[in-house]
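Report on the structure given below.
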Number of protein chains: 2
Amino acid sequence: MPVTLKDIARKVGFSVTTVSRALAGYDDVAAKTRRLIVQTAEEMGYHPNILARRLQKQRTDTLGFVIPTFGPRFSDPFFGELLAGLGNEAAEHDLDLLVSTRPPDTPKEAQAYERLVRDRRVDGVVLTRTRINDARIAYLLEHDFPFAAFGRTQVEEAFACVDVDGELGVFNATQHLIELGHRDIAIILPPLDLMFTVHRRAGFYRVMEAHGLAVRPEWETNGDLTEHGGYAVACRLLAGARRPTAIVAGNDLMAIGAMRAAREHGLSVGRELSVVGFDDNTLAEHAHPALTTLRQPIYEIGRQVCRMLVQILNDEVLPEREVLFEPELMVRQSSGPLPV
Amino acid sequence: MPVTLKDIARKVGFSVTTVSRALAGYDDVAAKTRRLIVQTAEEMGYHPNILARRLQKQRTDTLGFVIPTFGPRFSDPFFGELLAGLGNEAAEHDLDLLVSTRPPDTPKEAQAYERLVRDRRVDGVVLTRTRINDARIAYLLEHDFPFAAFGRTQVEEAFACVDVDGELGVFNATQHLIELGHRDIAIILPPLDLMFTVHRRAGFYRVMEAHGLAVRPEWETNGDLTEHGGYAVACRLLAGARRPTAIVAGNDLMAIGAMRAAREHGLSVGRELSVVGFDDNTLAEHAHPALTTLRQPIYEIGRQVCRMLVQILNDEVLPEREVLFEPELMVRQSSGPLPV
DNA sequence: CTGTTAGCGCTTTCAT
DNA sequence: ATGAAAGCGCTAACAG
């Protein structure tokens with residue numbers, strides 16, 4: 001049986017109240033008494049029952065995070081890094097992190113959020129991969145539940161979020177291709193319901209237009225953010241009558257799939273076909289050829305989102321409601337000059 | 001303010017106790033009363049305060065999982081998949097999953113476990129990457145705290161665990177290389193303190209001996225399980241006076257690093273140098289060349305470990321204390337016949 | 001079948 | 001400076 005306040009109180013001959021206050025560091029306890037209590041607690045190996053404390057304080061001191069997964073194999077290293085950032089920051093604030101994995105935009109996912117919110121299992125939640133019409137956000141807003149998101153959205157109400165400037169990123173990456181001489185550029189966008197697709201698509205259109213290039217409709221495609229998806233879409237792209245000379249992929253995983261497709265079509269990546277990705281996950285550098293991509297500081301983003309959520313929970317005013325990071329173009333060997 | 005039992009009791013004119021029992025499904029409540037109560041609870045939108053319930057029951061209904069991470073970038077997709085298995089199985093038992101990320105075998109990691117165990121934040125924990133002298137296991141055993149592990153170990157006491165037969169795996173993979181004609185085989189083992197290194201190493205020695213081949217000491221190396229680590233070790237291996245014709249890597253990430261090193265040394269992987277990995281993560285299939293590796297059913301393992309832990313928590317007897325999966329050799333293009 | 005009473009372990013008025 | 005008492009919301013032993 002663990003030691004309770006009552007046990008200590010009995011031992012030192014003071015009331016539970018006084019023991020509680022002494023340990024909590026209130027200043028209305030005699031110095032001598034406090035010393036005695038603190039030392040006794042130490043000796044007895046006292047550790048507060050957090051369940052009791054939580055009930056009393058009506059706070060769980062826990063944050064929730066539902067990771068969007070497709071199959072059982074949630075492979076994107078992206079989430080691992082985000083999770084680490086979130087968790088480490090949470091730990092610094094003495095908060096626990098409750099994690100579950102659910103397929104996005106499904107009843108199962110909705111249930112996971114309901115569980116967190118209406119059963120009050122957590123004090124706040126972190127969202128990622130925001131969607132254009134995001135039921136999660138609507139739900140959280142409606143229930144006035146604290147949250148912060150990695151990703152902006154289009155709802156009226158303002159909420160705390162962190163994002164990477166995907167429009168700028170794709171603009172820069174595509175411009176890099178154009179500077180290399182490419183004109184026939186295809187894009188494999190993420191799924192259309194995702195918010196960051198909107199930005200990346202906008203960046204693509206903006207840069208193409210800026211250079212007087214047309215976006216060929218059959219070259220604007222969508223993939224599911226997996227290697228397999230990228231591979232499949234790239235196969236279609238390369239099987240067409242007219243082939244693009246460069247492909248902008250919505251993330252590194254799809255870029256890797258696209259490179260594989262290129263090889264199978266007998267194209268040398270970086271020479272006959274250029275490919276750029278987005279994320280700069282650890283694979284990118286070690287892929288063959290090394291992948292030109294846009295670096296997102298995911299770990300930092302995780303920390304930042306968490307920090308904002310903590311501020312909300314502490315009723316602090318956020319210095320800025322929306323924090324935008326700039327992706328950094330990492331030029332490697334998967335992109336090269338247009339062969340003449 | 002959320003609806004409480006008291007609110008319902010007041011409304012229906014029964015005591016809190018009766019309401020509690022009716023809702024809990026006890027059969028000592030009049031059918032009519034129960035119907036009234038259940039319906040009223042429904043109408044009022046009642047949801048139990050789980051904090052109160054937890055305090056009363058002295059159970060958290062939560063499982064803990066500390067992911068071993070090195071830098072901030074915990075990239076191994078391995079953990080993502082394990083997490084999904086764990087979390088989904090936990091959800092089916094109505095348990096929450098508390099996750100944190102800590103560098104293995106450090107004070108920070110020890111603190112994370114103490115937090116979970118002595119603050120009673122969870123009912124049980126899941127371990128992964130067991131170590132030869134595993135302080136975590138010693139700690140949990142000493143405190144009689146329920147846990148289940150992915151990975152065996154060498155402590156006296158028995159505990160519930162799931163593992164993959166790494167000895168068999170490496171035996172088979174290496175045998176595959178030998179059958180292809182390879183004699184000069186190097187191995188990049190995981191760090192020496194990890195338990196699975198012991199098994200994989202044993203498999204390597206056993207198969208080499210079975211074929212009358214010597215293990216050259218300078219070809220038995222260790223890497224840190226990252227692409228970078230595999231790359232660095234392979235570079236050393238390939239810079240030696242005498243080169244191996246095949247490399248067995250401790251996991252897929254290191255194998256990918258090794259392949260990169262090979263390319264930089266002008267070697268064609270699968271022809272001039274064969275490489276095999278371990279895990280079969282999603283990259284393996286999409287790497288270039290596609291990686292020959294050993295498939296571990298990580299997601300299933302996650303579920304299994306969780307299932308065992310749940311059984312322990314329910315005081316059920318485990319059908320088997322140790323569950324061993326067989327890895328499956330996936331032959332792809334990174335391994336090929338020894339060139340003549 | 002239902003209610004009374006007690007208690008999980010802690011925090012927090014409010015007296016003294 | 002300290003203690004008594006109440007209460008967070010729920011469950012459970014015991015009466016009746």
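Every chain in the structure tokens has a letter given in the order shown (A, B, ...), and although residue numbers restart at 1 in each chain, ligands are simply numbered from 1 in the order shown.
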Against chain C, which residues of chain B fall within 6 Å? For each one I want the closest pair of atoms and the distance in Å (one decimal), counting only C-alpha atoms (C1' of nucleotides), rows by chain and increasing residue number, as JSON lines.
{"residue": "B:Val29", "atom": "CA", "partner": "C:DC1", "partner_atom": "C1'", "distance": 5.8}
{"residue": "B:Leu55", "atom": "CA", "partner": "C:DC8", "partner_atom": "C1'", "distance": 5.6}
{"residue": "B:Gln56", "atom": "CA", "partner": "C:DC8", "partner_atom": "C1'", "distance": 4.6}
Tell me, as a JSON list (two decimals) with N, CA and C atoms (P, O5', C5', C4', C3', O3' and C1' of nucleotides), in the first residue's frame, which residues lie within 9 Å of range 2-19 of chain A, counting only C-alpha atoms (C1' of nucleotides); anything in the same chain fewer than 5 positions away does not count.
[["chain", "number", "residue", "atom", "x", "y", "z"],
["A", 24, "ALA", "N", 2.80, 21.22, -0.51],
["A", 24, "ALA", "CA", 2.48, 21.99, -1.70],
["A", 24, "ALA", "C", 3.26, 23.29, -1.73],
["A", 29, "VAL", "N", 2.76, 27.82, 6.68],
["A", 29, "VAL", "CA", 3.13, 26.68, 7.52],
["A", 29, "VAL", "C", 4.44, 27.05, 8.22],
["A", 33, "THR", "N", 7.71, 23.08, 11.12],
["A", 33, "THR", "CA", 6.72, 22.07, 10.76],
["A", 33, "THR", "C", 6.97, 21.57, 9.35],
["A", 34, "ARG", "N", 7.16, 22.50, 8.47],
["A", 34, "ARG", "CA", 7.38, 22.15, 7.07],
["A", 34, "ARG", "C", 8.58, 21.21, 6.93],
["A", 36, "LEU", "N", 9.89, 19.24, 9.08],
["A", 36, "LEU", "CA", 9.55, 17.93, 9.63],
["A", 36, "LEU", "C", 8.72, 17.13, 8.62],
["A", 37, "ILE", "N", 7.71, 17.79, 8.10],
["A", 37, "ILE", "CA", 6.80, 17.11, 7.17],
["A", 37, "ILE", "C", 7.51, 16.68, 5.89],
["A", 38, "VAL", "N", 8.24, 17.61, 5.34],
["A", 38, "VAL", "CA", 8.93, 17.30, 4.08],
["A", 38, "VAL", "C", 9.89, 16.13, 4.28],
["A", 40, "THR", "N", 9.83, 13.82, 6.64],
["A", 40, "THR", "CA", 9.09, 12.58, 6.90],
["A", 40, "THR", "C", 8.52, 11.98, 5.62],
["A", 41, "ALA", "N", 7.97, 12.87, 4.81],
["A", 41, "ALA", "CA", 7.40, 12.41, 3.54],
["A", 41, "ALA", "C", 8.47, 11.70, 2.72],
["A", 44, "MET", "N", 9.36, 8.35, 4.24],
["A", 44, "MET", "CA", 8.32, 7.33, 4.06],
["A", 44, "MET", "C", 8.12, 6.98, 2.59],
["A", 45, "GLY", "N", 8.78, 7.72, 1.74],
["A", 45, "GLY", "CA", 8.64, 7.46, 0.31],
["A", 45, "GLY", "C", 7.28, 7.86, -0.21],
["A", 46, "TYR", "N", 6.86, 9.03, 0.21],
["A", 46, "TYR", "CA", 5.54, 9.49, -0.23],
["A", 46, "TYR", "C", 5.54, 9.97, -1.68],
["A", 47, "HIS", "N", 4.52, 9.55, -2.39],
["A", 47, "HIS", "CA", 4.28, 10.08, -3.73],
["A", 47, "HIS", "C", 2.80, 10.27, -3.88],
["A", 48, "PRO", "N", 2.39, 11.48, -4.20],
["A", 48, "PRO", "CA", 0.96, 11.78, -4.25],
["A", 48, "PRO", "C", 0.21, 10.85, -5.19],
["A", 49, "ASN", "N", -0.99, 10.55, -4.84],
["A", 49, "ASN", "CA", -1.86, 9.78, -5.71],
["A", 49, "ASN", "C", -2.43, 10.74, -6.75],
["B", 118, "ARG", "N", 5.79, 4.65, -10.14],
["B", 118, "ARG", "CA", 5.56, 5.05, -8.75],
["B", 118, "ARG", "C", 4.47, 6.10, -8.60],
["C", 9, "DG", "P", -6.41, 5.45, -0.69],
["C", 9, "DG", "O5'", -5.93, 6.95, -0.94],
["C", 9, "DG", "C5'", -5.45, 7.31, -2.22],
["C", 9, "DG", "C4'", -5.43, 8.81, -2.32],
["C", 9, "DG", "C3'", -4.63, 9.52, -1.22],
["C", 9, "DG", "O3'", -3.67, 10.33, -1.86],
["C", 9, "DG", "C1'", -6.75, 10.52, -1.51],
["C", 10, "DC", "P", -2.72, 11.30, -1.11],
["C", 10, "DC", "O5'", -3.35, 12.70, -1.52],
["C", 10, "DC", "C5'", -3.38, 13.05, -2.89],
["C", 10, "DC", "C4'", -4.43, 14.10, -3.13],
["C", 10, "DC", "C3'", -4.13, 15.46, -2.53],
["C", 10, "DC", "O3'", -3.57, 16.29, -3.54],
["C", 10, "DC", "C1'", -6.44, 14.83, -2.27],
["C", 11, "DT", "P", -3.00, 17.71, -3.05],
["C", 11, "DT", "O5'", -4.31, 18.62, -3.04],
["C", 11, "DT", "C5'", -4.94, 18.91, -4.26],
["C", 11, "DT", "C4'", -6.14, 19.79, -4.00],
["C", 11, "DT", "C3'", -5.79, 21.19, -3.50],
["C", 11, "DT", "O3'", -6.59, 22.07, -4.25],
["C", 11, "DT", "C1'", -7.38, 20.20, -2.06],
["D", 2, "DT", "P", 2.27, 25.13, 12.41],
["D", 2, "DT", "O5'", 0.74, 24.79, 12.46],
["D", 2, "DT", "C5'", 0.16, 24.39, 13.69],
["D", 2, "DT", "C4'", -1.32, 24.18, 13.51],
["D", 2, "DT", "C3'", -1.73, 22.94, 12.73],
["D", 2, "DT", "O3'", -2.08, 21.96, 13.70],
["D", 2, "DT", "C1'", -3.14, 24.82, 12.29],
["D", 3, "DG", "P", -2.60, 20.55, 13.24],
["D", 3, "DG", "O5'", -4.16, 20.84, 13.16],
["D", 3, "DG", "C5'", -4.81, 21.35, 14.32],
["D", 3, "DG", "C4'", -6.30, 21.40, 14.07],
["D", 3, "DG", "C3'", -6.88, 20.12, 13.45],
["D", 3, "DG", "O3'", -8.14, 19.88, 14.06],
["D", 3, "DG", "C1'", -7.36, 21.95, 12.04]]
Of the candidates A:Ala52, A:Ala110, A:Val122, A:Leu23, which one gets nearest to chain D if we count only C-alpha atoms (C1' of nucleotides)?
->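 Among the listed residues, A:Ala52 lies closest to chain D.
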For Arg120 in chain B, list every protein, DNA or RNA residue within 12 Å, evaluated using only C-alpha atoms (C1' of nucleotides), and leave out those in the same chain fewer than 2 positions away; present the list as a PyMOL selection string.
-> (chain A and resi 1-2+47-52) or (chain B and resi 54-55+58-64+112-118+122-125+143+145-146)
Step one, run DSSP on the backbone; step two, keep only residues of range 259-288 of chain A assigned to helix (DSSP H, G or I); then write them as a ChimeraX atom specification.
-> /A:259-264,282-286
